[in-house]
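K.L.:
Structure supplied as work-v7.pdb; contents: PDB, C-alpha atoms and all ligand atoms.
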```pdb
ATOM      1  CA  MET Z   2       0.004  10.555  33.831  1.00  0.00           C
ATOM      2  CA  MET Z   3      -1.803  12.732  31.300  1.00  0.00           C
ATOM      3  CA  HIS Z   4       1.474  13.156  29.518  1.00  0.00           C
ATOM      4  CA  ILE Z   5       2.132   9.402  29.277  1.00  0.00           C
ATOM      5  CA  ASN Z   6      -1.372   8.787  27.939  1.00  0.00           C
ATOM      6  CA  PHE Z   7      -0.849  11.482  25.388  1.00  0.00           C
ATOM      7  CA  ILE Z   8       2.373   9.835  24.201  1.00  0.00           C
ATOM      8  CA  LEU Z   9       0.598   6.479  24.019  1.00  0.00           C
ATOM      9  CA  LEU Z  10      -2.247   7.977  22.017  1.00  0.00           C
ATOM     10  CA  PHE Z  11       0.226   9.708  19.729  1.00  0.00           C
ATOM     11  CA  THR Z  12       2.075   6.412  19.173  1.00  0.00           C
ATOM     12  CA  ILE Z  13      -1.169   4.614  18.299  1.00  0.00           C
ATOM     13  CA  LEU Z  14      -2.229   7.380  15.946  1.00  0.00           C
ATOM     14  CA  THR Z  15       1.075   7.591  14.163  1.00  0.00           C
ATOM     15  CA  SER Z  16       1.910   3.900  13.880  1.00  0.00           C
ATOM     16  CA  GLY Z  17      -1.024   1.614  14.597  1.00  0.00           C
ATOM     17  CA  ILE Z  18      -3.423   3.110  12.147  1.00  0.00           C
ATOM     18  CA  TYR Z  19      -1.604   3.047   8.951  1.00  0.00           C
ATOM     19  CA  TYR Z  20       0.659   0.117   9.519  1.00  0.00           C
ATOM     20  CA  SER Z  21      -1.038  -3.154  10.291  1.00  0.00           C
ATOM     21  CA  ASP Z  22       0.240  -4.878  13.411  1.00  0.00           C
ATOM     22  CA  PHE Z  23       2.096  -7.758  11.841  1.00  0.00           C
ATOM     23  CA  THR Z  24       5.683  -8.486  10.994  1.00  0.00           C
ATOM     24  CA  PHE Z  25       6.706 -10.181   7.789  1.00  0.00           C
ATOM     25  CA  GLU Z  26       7.671 -13.840   8.081  1.00  0.00           C
ATOM     26  CA  LYS Z  27       9.457 -15.705   5.308  1.00  0.00           C
ATOM     27  CA  PRO Z  28       7.421 -18.479   3.661  1.00  0.00           C
ATOM     28  CA  SER Z  29       9.061 -21.914   3.385  1.00  0.00           C
ATOM     29  CA  ARG Z  30       8.897 -21.831  -0.460  1.00  0.00           C
ATOM     30  CA  TYR Z  31      11.847 -20.205  -2.253  1.00  0.00           C
ATOM     31  CA  VAL Z  32      11.422 -16.513  -3.136  1.00  0.00           C
ATOM     32  CA  ASP Z  33      13.804 -14.322  -5.144  1.00  0.00           C
ATOM     33  CA  ARG Z  34      11.631 -11.531  -6.603  1.00  0.00           C
ATOM     34  CA  ILE Z  35       8.989  -9.153  -5.282  1.00  0.00           C
ATOM     35  CA  PHE Z  36       6.467  -7.652  -7.730  1.00  0.00           C
ATOM     36  CA  ILE Z  37       4.640  -4.357  -7.221  1.00  0.00           C
ATOM     37  CA  HIS Z  38       1.162  -3.752  -8.696  1.00  0.00           C
ATOM     38  CA  CYS Z  39      -1.693  -1.247  -8.621  1.00  0.00           C
ATOM     39  CA  SER Z  40      -5.401  -2.062  -8.438  1.00  0.00           C
ATOM     40  CA  ASP Z  41      -5.998   0.023 -11.597  1.00  0.00           C
ATOM     41  CA  SER Z  42      -8.892   1.834  -9.876  1.00  0.00           C
ATOM     42  CA  ASP Z  43      -9.198   5.160  -8.077  1.00  0.00           C
ATOM     43  CA  TRP Z  44     -12.677   4.314  -6.786  1.00  0.00           C
ATOM     44  CA  LYS Z  45     -13.046   4.599  -3.030  1.00  0.00           C
ATOM     45  CA  HIS Z  46     -15.268   1.534  -2.740  1.00  0.00           C
ATOM     46  CA  HIS Z  47     -12.582  -0.617  -4.383  1.00  0.00           C
ATOM     47  CA  ASP Z  48     -10.128   0.329  -1.617  1.00  0.00           C
ATOM     48  CA  ASP Z  49     -10.165  -3.012   0.233  1.00  0.00           C
ATOM     49  CA  ILE Z  50      -8.726  -6.455  -0.379  1.00  0.00           C
ATOM     50  CA  SER Z  51     -12.175  -8.023   0.048  1.00  0.00           C
ATOM     51  CA  VAL Z  52     -13.248  -6.308  -3.214  1.00  0.00           C
ATOM     52  CA  ILE Z  53     -10.180  -7.547  -5.115  1.00  0.00           C
ATOM     53  CA  ARG Z  54     -10.666 -11.022  -3.609  1.00  0.00           C
ATOM     54  CA  LYS Z  55     -14.263 -11.012  -4.858  1.00  0.00           C
ATOM     55  CA  TRP Z  56     -13.103 -10.113  -8.403  1.00  0.00           C
ATOM     56  CA  HIS Z  57     -10.426 -12.787  -8.440  1.00  0.00           C
ATOM     57  CA  VAL Z  58     -12.545 -15.552  -6.902  1.00  0.00           C
ATOM     58  CA  GLU Z  59     -15.950 -14.848  -8.452  1.00  0.00           C
ATOM     59  CA  GLU Z  60     -14.937 -13.407 -11.819  1.00  0.00           C
ATOM     60  CA  ASN Z  61     -11.648 -15.205 -12.497  1.00  0.00           C
ATOM     61  CA  GLY Z  62     -12.635 -18.401 -10.701  1.00  0.00           C
ATOM     62  CA  TRP Z  63      -9.383 -18.501  -8.682  1.00  0.00           C
ATOM     63  CA  GLY Z  64      -9.029 -20.110  -5.260  1.00  0.00           C
ATOM     64  CA  ASP Z  65      -8.135 -16.802  -3.585  1.00  0.00           C
ATOM     65  CA  VAL Z  66      -7.077 -13.217  -4.300  1.00  0.00           C
ATOM     66  CA  GLY Z  67      -3.978 -13.160  -6.544  1.00  0.00           C
ATOM     67  CA  TYR Z  68      -1.847 -10.806  -4.404  1.00  0.00           C
ATOM     68  CA  HIS Z  69      -0.150 -11.438  -1.062  1.00  0.00           C
ATOM     69  CA  TYR Z  70      -0.563  -7.872   0.199  1.00  0.00           C
ATOM     70  CA  PHE Z  71      -2.870  -4.937  -0.518  1.00  0.00           C
ATOM     71  CA  ILE Z  72      -2.045  -1.378   0.567  1.00  0.00           C
ATOM     72  CA  LYS Z  73      -5.072   0.844   1.114  1.00  0.00           C
ATOM     73  CA  ARG Z  74      -5.185   4.578   0.398  1.00  0.00           C
ATOM     74  CA  ASN Z  75      -4.692   5.291   4.129  1.00  0.00           C
ATOM     75  CA  GLY Z  76      -1.534   3.137   4.178  1.00  0.00           C
ATOM     76  CA  THR Z  77      -3.020   0.093   5.935  1.00  0.00           C
ATOM     77  CA  ILE Z  78      -1.408  -3.131   4.751  1.00  0.00           C
ATOM     78  CA  GLN Z  79      -3.914  -5.962   4.315  1.00  0.00           C
ATOM     79  CA  LYS Z  80      -2.911  -9.605   3.979  1.00  0.00           C
ATOM     80  CA  GLY Z  81      -4.144 -11.433   0.892  1.00  0.00           C
ATOM     81  CA  ARG Z  82      -3.174 -14.863  -0.406  1.00  0.00           C
ATOM     82  CA  ASP Z  83      -1.206 -17.068   2.000  1.00  0.00           C
ATOM     83  CA  LEU Z  84       2.527 -16.393   1.479  1.00  0.00           C
ATOM     84  CA  GLU Z  85       3.107 -20.143   1.222  1.00  0.00           C
ATOM     85  CA  ILE Z  86       1.085 -20.154  -1.996  1.00  0.00           C
ATOM     86  CA  THR Z  87       2.493 -18.841  -5.307  1.00  0.00           C
ATOM     87  CA  PRO Z  88       0.661 -15.640  -6.387  1.00  0.00           C
ATOM     88  CA  SER Z  89      -1.486 -15.180  -9.519  1.00  0.00           C
ATOM     89  CA  SER Z  90      -0.442 -11.724 -10.585  1.00  0.00           C
ATOM     90  CA  GLN Z  91       2.328 -11.714 -13.219  1.00  0.00           C
ATOM     91  CA  LYS Z  92       1.428 -14.171 -15.963  1.00  0.00           C
ATOM     92  CA  GLY Z  93       4.363 -16.480 -16.629  1.00  0.00           C
ATOM     93  CA  HIS Z  94       6.367 -14.924 -13.773  1.00  0.00           C
ATOM     94  CA  ASN Z  95       4.585 -16.056 -10.630  1.00  0.00           C
ATOM     95  CA  ASN Z  96       6.984 -18.717  -9.399  1.00  0.00           C
ATOM     96  CA  LYS Z  97       9.375 -17.721  -6.592  1.00  0.00           C
ATOM     97  CA  THR Z  98       7.688 -14.335  -6.112  1.00  0.00           C
ATOM     98  CA  ILE Z  99       5.743 -12.299  -3.577  1.00  0.00           C
ATOM     99  CA  SER Z 100       3.229  -9.780  -4.922  1.00  0.00           C
ATOM    100  CA  ILE Z 101       2.107  -6.488  -3.440  1.00  0.00           C
ATOM    101  CA  CYS Z 102      -0.755  -4.343  -4.791  1.00  0.00           C
ATOM    102  CA  LEU Z 103      -1.402  -0.669  -4.004  1.00  0.00           C
ATOM    103  CA  HIS Z 104      -4.905   0.694  -4.424  1.00  0.00           C
ATOM    104  CA  GLY Z 105      -4.967   3.311  -7.176  1.00  0.00           C
ATOM    105  CA  ARG Z 106      -4.729   4.023 -10.872  1.00  0.00           C
ATOM    106  CA  GLU Z 107      -3.460   7.592 -11.150  1.00  0.00           C
ATOM    107  CA  ARG Z 108      -3.641   8.677  -7.526  1.00  0.00           C
ATOM    108  CA  PHE Z 109      -1.501   7.221  -4.756  1.00  0.00           C
ATOM    109  CA  THR Z 110      -0.812   8.608  -1.284  1.00  0.00           C
ATOM    110  CA  LYS Z 111       2.336   9.308   0.686  1.00  0.00           C
ATOM    111  CA  ARG Z 112       1.073   6.908   3.350  1.00  0.00           C
ATOM    112  CA  GLN Z 113       0.831   4.105   0.784  1.00  0.00           C
ATOM    113  CA  PHE Z 114       4.419   4.734  -0.294  1.00  0.00           C
ATOM    114  CA  GLU Z 115       5.565   4.793   3.354  1.00  0.00           C
ATOM    115  CA  SER Z 116       3.844   1.451   4.008  1.00  0.00           C
ATOM    116  CA  LEU Z 117       5.266  -0.033   0.808  1.00  0.00           C
ATOM    117  CA  LYS Z 118       8.774   1.057   1.826  1.00  0.00           C
ATOM    118  CA  LYS Z 119       8.320  -0.350   5.328  1.00  0.00           C
ATOM    119  CA  LEU Z 120       7.060  -3.704   4.060  1.00  0.00           C
ATOM    120  CA  CYS Z 121       9.760  -4.009   1.365  1.00  0.00           C
ATOM    121  CA  LEU Z 122      12.501  -3.065   3.836  1.00  0.00           C
ATOM    122  CA  GLU Z 123      11.262  -5.759   6.184  1.00  0.00           C
ATOM    123  CA  ILE Z 124      11.239  -8.326   3.367  1.00  0.00           C
ATOM    124  CA  ASN Z 125      14.672  -7.227   2.136  1.00  0.00           C
ATOM    125  CA  THR Z 126      16.147  -7.419   5.646  1.00  0.00           C
ATOM    126  CA  LEU Z 127      14.816 -10.935   6.265  1.00  0.00           C
ATOM    127  CA  TYR Z 128      16.187 -12.095   2.907  1.00  0.00           C
ATOM    128  CA  LYS Z 129      19.500 -10.340   3.668  1.00  0.00           C
ATOM    129  CA  GLY Z 130      19.293  -8.301   0.449  1.00  0.00           C
ATOM    130  CA  ARG Z 131      19.097 -11.392  -1.781  1.00  0.00           C
ATOM    131  CA  VAL Z 132      15.739 -10.469  -3.354  1.00  0.00           C
ATOM    132  CA  THR Z 133      15.018  -7.958  -6.115  1.00  0.00           C
ATOM    133  CA  PHE Z 134      12.000  -5.656  -6.472  1.00  0.00           C
ATOM    134  CA  HIS Z 135      10.155  -5.095  -9.747  1.00  0.00           C
ATOM    135  CA  GLY Z 136       7.118  -3.411 -11.248  1.00  0.00           C
ATOM    136  CA  HIS Z 137       4.615  -5.606 -13.072  1.00  0.00           C
ATOM    137  CA  ARG Z 138       5.342  -3.656 -16.260  1.00  0.00           C
ATOM    138  CA  GLU Z 139       8.860  -5.141 -16.391  1.00  0.00           C
ATOM    139  CA  VAL Z 140       7.463  -8.541 -17.361  1.00  0.00           C
ATOM    140  CA  THR Z 141       4.636  -7.560 -19.703  1.00  0.00           C
ATOM    141  CA  ASP Z 142       4.485  -5.415 -22.829  1.00  0.00           C
ATOM    142  CA  GLU Z 143       0.904  -4.314 -22.411  1.00  0.00           C
ATOM    143  CA  LYS Z 144       0.814  -2.729 -18.997  1.00  0.00           C
ATOM    144  CA  THR Z 145       2.079   0.313 -17.188  1.00  0.00           C
ATOM    145  CA  CYS Z 146       1.375  -1.272 -13.776  1.00  0.00           C
ATOM    146  CA  PRO Z 147       2.027  -0.150 -11.041  1.00  0.00           C
ATOM    147  CA  ASN Z 148       1.580   3.361 -12.568  1.00  0.00           C
ATOM    148  CA  PHE Z 149       4.001   5.096 -10.203  1.00  0.00           C
ATOM    149  CA  ASP Z 150       7.771   5.434  -9.933  1.00  0.00           C
ATOM    150  CA  TYR Z 151       8.468   2.436  -7.683  1.00  0.00           C
ATOM    151  CA  VAL Z 152      12.196   2.613  -8.529  1.00  0.00           C
ATOM    152  CA  LYS Z 153      12.329   6.023  -6.868  1.00  0.00           C
ATOM    153  CA  VAL Z 154       9.980   5.150  -3.974  1.00  0.00           C
ATOM    154  CA  LEU Z 155      12.033   2.045  -3.067  1.00  0.00           C
ATOM    155  CA  ASN Z 156      15.383   3.543  -4.115  1.00  0.00           C
ATOM    156  CA  LEU Z 157      16.280   0.596  -6.358  1.00  0.00           C
ATOM    157  CA  ASP Z 158      19.400   0.067  -8.404  1.00  0.00           C
ATOM    158  CA  LYS Z 159      19.200  -1.082 -12.056  1.00  0.00           C
ATOM    159  CA  HIS Z 160      18.909  -4.730 -10.967  1.00  0.00           C
ATOM    160  CA  GLY Z 161      16.002  -4.020  -8.618  1.00  0.00           C
ATOM    161  CA  ARG Z 162      18.002  -4.220  -5.383  1.00  0.00           C
ATOM    162  CA  MET Z 163      17.235  -1.816  -2.561  1.00  0.00           C
ATOM    163  CA  LYS Z 164      20.179   0.527  -2.235  1.00  0.00           C
ATOM    164  CA  GLY Z 165      21.879   1.279   1.046  1.00  0.00           C
ATOM    165  CA  ILE Z 166      21.038  -2.040   2.713  1.00  0.00           C
TER
HETATM  166 ZN    ZN S 201      -0.046  -5.522 -12.095  1.00  0.00          ZN
END
```
How would this structure read if it were set down as structure tokens?
Ligand SMILES: [Zn+2]
P.N.:
Amino acid sequence: MMHINFILLFTILTSGIYYSDFTFEKPSRYVDRIFIHCSDSDWKHHDDISVIRKWHVEENGWGDVGYHYFIKRNGTIQKGRDLEITPSSQKGHNNKTISICLHGRERFTKRQFESLKKLCLEINTLYKGRVTFHGHREVTDEKTCPNFDYVKVLNLDKHGRMKGI
């Protein structure tokens, strides 16, 4: 009995905490690209989608936070804008996309990368490999966003497809 409880506790600690308990479901609108972003902040008190939502709604005057997902420093995936709604995150390149933002500017954690991989694999599987993954910097001259090597983290080919799927 003790042993079973220990396994259960271990399972909760290793999966439930850093991965949120949801599975990705395809929106009814057409999607062909996934964009990766960073929050451009290493401040601990910015590490929550409610803060980003506040910036986007109160400062930008938008209807909701611009991103569909936010990945906290501890790897937790938070839901943002409804997937049925086009994001506001890559100016001129929002249509037919899903956007994911990791908290951080220069510092990112292994847990964040694990959660990003898990989420992108889920998305890629549901779309049967027909979507491509990109960093924000690919569609703008001014930014370095997402400030980490997403090509390596997601093991992408030169077109942005996840390899080995
Ligand atoms: Zn960005």
K.L.:
Given all atoms listed in the file, how would the per-residue table for chain Z near ligand ZN 201 (chain S) read, listing every residue at most 7 Å away with its closest atom pair and distance in Å to one decimal, sorted by chain and number, as a Markdown table?
P.N.:
```
| residue | atom | partner | partner_atom | distance |
| --- | --- | --- | --- | --- |
| Z:Ile37 | CA | S:ZN201 | ZN | 6.9 |
| Z:His38 | CA | S:ZN201 | ZN | 4.0 |
| Z:Cys39 | CA | S:ZN201 | ZN | 5.7 |
| Z:Ser90 | CA | S:ZN201 | ZN | 6.4 |
| Z:Gln91 | CA | S:ZN201 | ZN | 6.7 |
| Z:His137 | CA | S:ZN201 | ZN | 4.8 |
| Z:Cys146 | CA | S:ZN201 | ZN | 4.8 |
| Z:Pro147 | CA | S:ZN201 | ZN | 5.9 |
```
K.L.:
Expanded to explicit residues, what is the PyMOL selection byres (((chain Z and resi 129-134) around 8) and not hetatm) for this file, as a count of residues only?
P.N.:
18
K.L.:
Do you have, as a Markdown table, the list of residues of region 80-104 of chain Z lying at most 10 Å from region 47-56 of chain Z, each with its nearest atom pair and that distance in Å to one decimal, counting all atoms listed in the file and ordered by chain then number?
P.N.:
```
| residue | atom | partner | partner_atom | distance |
| --- | --- | --- | --- | --- |
| Z:Lys80 | CA | Z:Ile50 | CA | 7.9 |
| Z:Gly81 | CA | Z:Ile50 | CA | 6.9 |
| Z:Arg82 | CA | Z:Arg54 | CA | 9.0 |
| Z:Cys102 | CA | Z:Ile50 | CA | 9.4 |
| Z:Leu103 | CA | Z:Asp48 | CA | 9.1 |
| Z:His104 | CA | Z:Asp48 | CA | 5.9 |
```
K.L.:
Could you give me, as an MDAnalysis selection string, the residues within 9 Å of Arg112 (chain Z), counting only C-alpha atoms and dropping anything in the same chain fewer than 4 positions from it?
P.N.:
chainID Z and resid 19 73:77 116:117
K.L.:
Once the PyMOL selection byres (((chain Z and resi 83) around 9) and not hetatm) has been applied to the shown file, what residues remain in the selection, as a ChimeraX atom specification?
P.N.:
/Z:28,65,68-69,80-82,84-88
K.L.:
Record the distance separating CA of Val154 (chain Z) and CA of Phe114 (chain Z), expressed in Å with one decimal.
P.N.:
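Interatomic distance, CA of Val154 (chain Z) to CA of Phe114 (chain Z): 6.7 Å.
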K.L.:
Kindly provide, as AutoDock Vina command-line options, the centre and edge lengths (Å, one decimal) of an axis-aligned box around all atoms of region 118-133 of chain Z given in the file, with 6 Å on each side.
P.N.:
```
--center_x 13.3 --center_y -5.5 --center_z 0.1 --size_x 24.4 --size_y 25.2 --size_z 24.4
```
K.L.:
Rounded to one decimal, what separation in Å do you get between CA of Gly67 (chain Z) and CA of Ser100 (chain Z)?
P.N.:
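One can read the CA of Gly67 (chain Z) to CA of Ser100 (chain Z) distance as 8.1 Å.
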K.L.:
Out of Z:Phe149, Z:Thr24, Z:Asp158, Z:His57, which residue has the shortest atom-to-atom distance to Gly105 (chain Z) when counting only C-alpha atoms?
P.N.:
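Nearest to Gly105 (chain Z): Z:Phe149.
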K.L.:
Just so the selection is clear, what residues does the PyMOL selection byres (((chain Z and resi 106) around 6) and not hetatm) cover here, as JSON, numbers by chain?
P.N.:
{"Z": [41, 42, 43, 105, 107, 108]}
K.L.:
One decimal, in Å: what's the spacing between CA of Lys97 (chain Z) and CA of Tyr31 (chain Z)?
P.N.:
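Spanning CA of Lys97 (chain Z) to CA of Tyr31 (chain Z) is a straight-line distance of 5.6 Å.
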K.L.:
Counting only C-alpha atoms, which residue out of Z:Asp150, Z:Glu59, Z:Glu143, Z:Glu26 sits closest to Glu123 (chain Z)?
P.N.:
Z:Glu26
